[in-house]
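One structure is given here, and the rest of the page talks about it.
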Amino acid sequence: MRRNELWFRGADREHDPIPSLFRYEHASDWDIRREFRRRGVQMLSEREPQDQWEWYILMRHHNAPTRLLDWTDSALIALYFALRSPLPEYVPPAVWALDPVRLNQVVCNCDSVVLSNEPQAADYLTESQQDELRPELPIAVDPVHVSRRLAVQRSRFTIHGTDRNGLITVAARNPGVLFCITIASKSASEIFEDLRTCGVSETTIFPDLEGLSRELLRECGNES
């Protein structure tokens, strides 16, 4: 991988890069993983995941709570995500930028992004309910593209350990790992239209009938 690669993430409602699992005080990562796999296998529309990592990535893809955080290596796609949903007036849109190789150098002494079958990733998904999650800080992982949507969104992931603020923790000690780019709220609509001109829209990011329907609603000016 290129050493100067950056990953990007359209900021969520509070701009903090915290995985969804940590927003639910009593959520059990193991229980959610088990139930998603048990009940979700009959609902698969594409190929069945081959291991627990592929299942976990599919969970994140469908918005189940996980310790994964979505990133993309496309700055324009991240910008689209930052602008596609209205935010409160006091929260300007923003894009996070991450140096994934630098993150892994700091956390797991690795000079590349980790693959899910490599030793550095092994402890981030426990094998049984009795196993204790040992890693504290997140690492950058290249996912298997288990669905078409992951591929077109150029998806990448960080998987977090026990520290819900793991990325902020690493960034505070290591400048240049993570930074946030804010966007003037008054410019958001114009930039969003410019993205459409550049070919970034609902159907390019969500290449399915649902994405097409949302794009048509935007073109009608009647999205709700």
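How things are named: the first chain in the structure tokens is A, the next is B, and so on; residues count from 1 in each chain; ligands count from 1 in the order shown.
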Report task. Excluding Asp142 of chain A and residues on its chain fewer than 4 positions from it, collect all residues at most 10 Å away from it, counting only C-alpha atoms, and give them as a PyMOL selection string. Result -> chain A and resi 112-116+155-158
**Report entry** Every residue of chain A that DSSP places in alpha helix (DSSP H), as number ranges by chain
**Finding:** A: 29-40, 52-61, 75-83, 100-108, 148-152, 166-173, 188-197, 202-205, 209-220
So that I can check the surroundings of Asn117 of chain A, please list as an mmCIF file with N, CA and C atoms, in the first residue's frame every protein, DNA and RNA residue that reaches within 12 Å of it, counting only C-alpha atoms and ignoring chain neighbours fewer than 6 positions away.
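Once written, around.cif looks like this:
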```cif
data_model
loop_
_atom_site.group_PDB
_atom_site.id
_atom_site.type_symbol
_atom_site.label_atom_id
_atom_site.label_comp_id
_atom_site.auth_asym_id
_atom_site.auth_seq_id
_atom_site.Cartn_x
_atom_site.Cartn_y
_atom_site.Cartn_z
ATOM 1 N N GLN A 50 -17.723 -15.967 4.889
ATOM 2 C CA GLN A 50 -16.940 -17.180 5.060
ATOM 3 C C GLN A 50 -16.320 -17.325 6.445
ATOM 4 N N ASP A 51 -16.241 -16.255 7.228
ATOM 5 C CA ASP A 51 -15.658 -16.339 8.559
ATOM 6 C C ASP A 51 -16.246 -15.226 9.428
ATOM 7 N N GLN A 52 -15.804 -15.165 10.677
ATOM 8 C CA GLN A 52 -16.388 -14.204 11.610
ATOM 9 C C GLN A 52 -16.070 -12.756 11.217
ATOM 10 N N TRP A 53 -14.934 -12.523 10.571
ATOM 11 C CA TRP A 53 -14.622 -11.172 10.113
ATOM 12 C C TRP A 53 -15.584 -10.723 9.019
ATOM 13 N N GLU A 54 -15.860 -11.588 8.071
ATOM 14 C CA GLU A 54 -16.788 -11.224 7.007
ATOM 15 C C GLU A 54 -18.180 -10.976 7.579
ATOM 16 N N ASP A 123 -6.709 -10.760 17.838
ATOM 17 C CA ASP A 123 -7.307 -10.592 19.160
ATOM 18 C C ASP A 123 -8.503 -9.634 19.177
ATOM 19 N N TYR A 124 -8.840 -9.041 18.034
ATOM 20 C CA TYR A 124 -9.907 -8.037 18.023
ATOM 21 C C TYR A 124 -11.307 -8.638 17.928
ATOM 22 N N LEU A 125 -11.410 -9.914 17.530
ATOM 23 C CA LEU A 125 -12.696 -10.616 17.552
ATOM 24 C C LEU A 125 -12.520 -11.868 18.401
ATOM 25 N N VAL A 141 -7.826 -1.803 9.260
ATOM 26 C CA VAL A 141 -7.995 -3.128 8.654
ATOM 27 C C VAL A 141 -8.569 -2.985 7.246
ATOM 28 N N ASP A 142 -8.004 -3.741 6.304
ATOM 29 C CA ASP A 142 -8.575 -3.802 4.957
ATOM 30 C C ASP A 142 -9.647 -4.887 4.931
ATOM 31 N N PRO A 143 -10.870 -4.555 4.546
ATOM 32 C CA PRO A 143 -11.952 -5.533 4.590
ATOM 33 C C PRO A 143 -12.059 -6.358 3.319
ATOM 34 N N VAL A 144 -12.622 -7.541 3.460
ATOM 35 C CA VAL A 144 -13.106 -8.282 2.305
ATOM 36 C C VAL A 144 -14.398 -7.608 1.858
#
```
**Report entry** Shell around Ala64 of chain A at 9 Å using only C-alpha atoms, local window under 6 positions removed, as number ranges by chain
**Finding:** A: 20-21, 32-33, 36, 58
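Taking segment 90-189 of chain A and asking which residues DSSP calls strand (DSSP E) on the backbone, you get Ala94, Val95, Trp96, Ala97, Leu98, Val114, Leu115, Ile139, Ala140, Val141, Asp142, Ser155, Arg156, Phe157, Thr158, Ile159, Leu178, Phe179, Cys180, Ile181 and Thr182 of chain A.
Using only C-alpha atoms, the nearest neighbour of Ala171 of chain A within the list A:Val107, A:Ala78, A:Ala122, A:Ile205 is A:Val107.
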Query raised in the report: Pick the closest to Val170 of chain A from A:Asp208, A:Asp70, A:Asp29, A:Asp99: which is it, counting only C-alpha atoms?
Result: A:Asp99
**Report entry** Polymer residues at most 8 Å from segment 177-194 of chain A, only C-alpha atoms, same-chain spacing of 5 or more positions, as an MDAnalysis selection string
**Finding:** chainID A and resid 80 83:84 89 92:100 102:103 167:168 170:171
**Report entry** Leu212 of chain A surroundings by only C-alpha atoms, 10 Å radius, close-in-sequence under 5 positions cut, as a VMD selection string
**Finding:** chain A and resid 201 to 204 206 to 207 217 to 218
Taking C-alpha atoms for each residue, export the selection above as an mmCIF file, in the first residue's frame.
```
data_model
loop_
_atom_site.group_PDB
_atom_site.id
_atom_site.type_symbol
_atom_site.label_atom_id
_atom_site.label_comp_id
_atom_site.auth_asym_id
_atom_site.auth_seq_id
_atom_site.Cartn_x
_atom_site.Cartn_y
_atom_site.Cartn_z
ATOM 1 C CA SER A 201 -24.705 10.778 -5.863
ATOM 2 C CA GLU A 202 -26.999 8.319 -4.109
ATOM 3 C CA THR A 203 -26.896 5.817 -6.955
ATOM 4 C CA THR A 204 -23.107 5.849 -7.226
ATOM 5 C CA PHE A 206 -25.853 3.013 -3.039
ATOM 6 C CA PRO A 207 -26.155 1.097 -6.349
ATOM 7 C CA LEU A 217 -36.698 12.139 -4.385
ATOM 8 C CA ARG A 218 -33.774 14.564 -4.179
#
```
Query raised in the report: Quick one: of A:Glu5, A:Glu48, A:Ser128, A:His61, who's nearest to Arg34 of chain A, counting only C-alpha atoms?
Result: A:Ser128
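Interatomic distance, atom CA of Arg9 of chain A against atom CA of Asp73 of chain A: 8.8 Å.
For the choices A:Arg60, A:His160, A:Arg154, A:Arg67, the atom-to-atom distance to Ser28 of chain A is smallest for A:Arg67 when using only C-alpha atoms.
The residue that comes closest to Thr169 of chain A, out of A:Pro138, A:Gly10, A:Pro86, A:Gly199 and on the basis of only C-alpha atoms, is A:Pro138.
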**Report entry** Selection: 8 Å around Glu136 of chain A, only C-alpha atoms, excl. self and same-chain fewer than 5 positions, as a PyMOL selection string
**Finding:** chain A and resi 160-163+166
Could the residues in this selection be written to a file with N, CA and C atoms, as a tab-separated table (two decimals), in the first residue's frame?
```tsv
chain	number	residue	atom	x	y	z
A	160	HIS	N	-11.96	-1.21	16.77
A	160	HIS	CA	-11.56	-0.63	18.04
A	160	HIS	C	-11.52	-1.69	19.13
A	161	GLY	N	-10.70	-1.43	20.13
A	161	GLY	CA	-10.60	-2.32	21.28
A	161	GLY	C	-11.49	-1.85	22.41
A	162	THR	N	-10.97	-1.81	23.60
A	162	THR	CA	-11.78	-1.48	24.77
A	162	THR	C	-11.93	0.02	25.00
A	163	ASP	N	-11.08	0.83	24.40
A	163	ASP	CA	-11.13	2.28	24.59
A	163	ASP	C	-12.09	2.89	23.56
A	166	GLY	N	-10.58	5.50	21.39
A	166	GLY	CA	-9.25	5.04	21.02
A	166	GLY	C	-8.54	5.90	19.99
```
Report task. Could you check how far atom CA of Glu118 of chain A sits from atom CA of Pro19 of chain A, in Å to one decimal? Result -> 22.0 Å
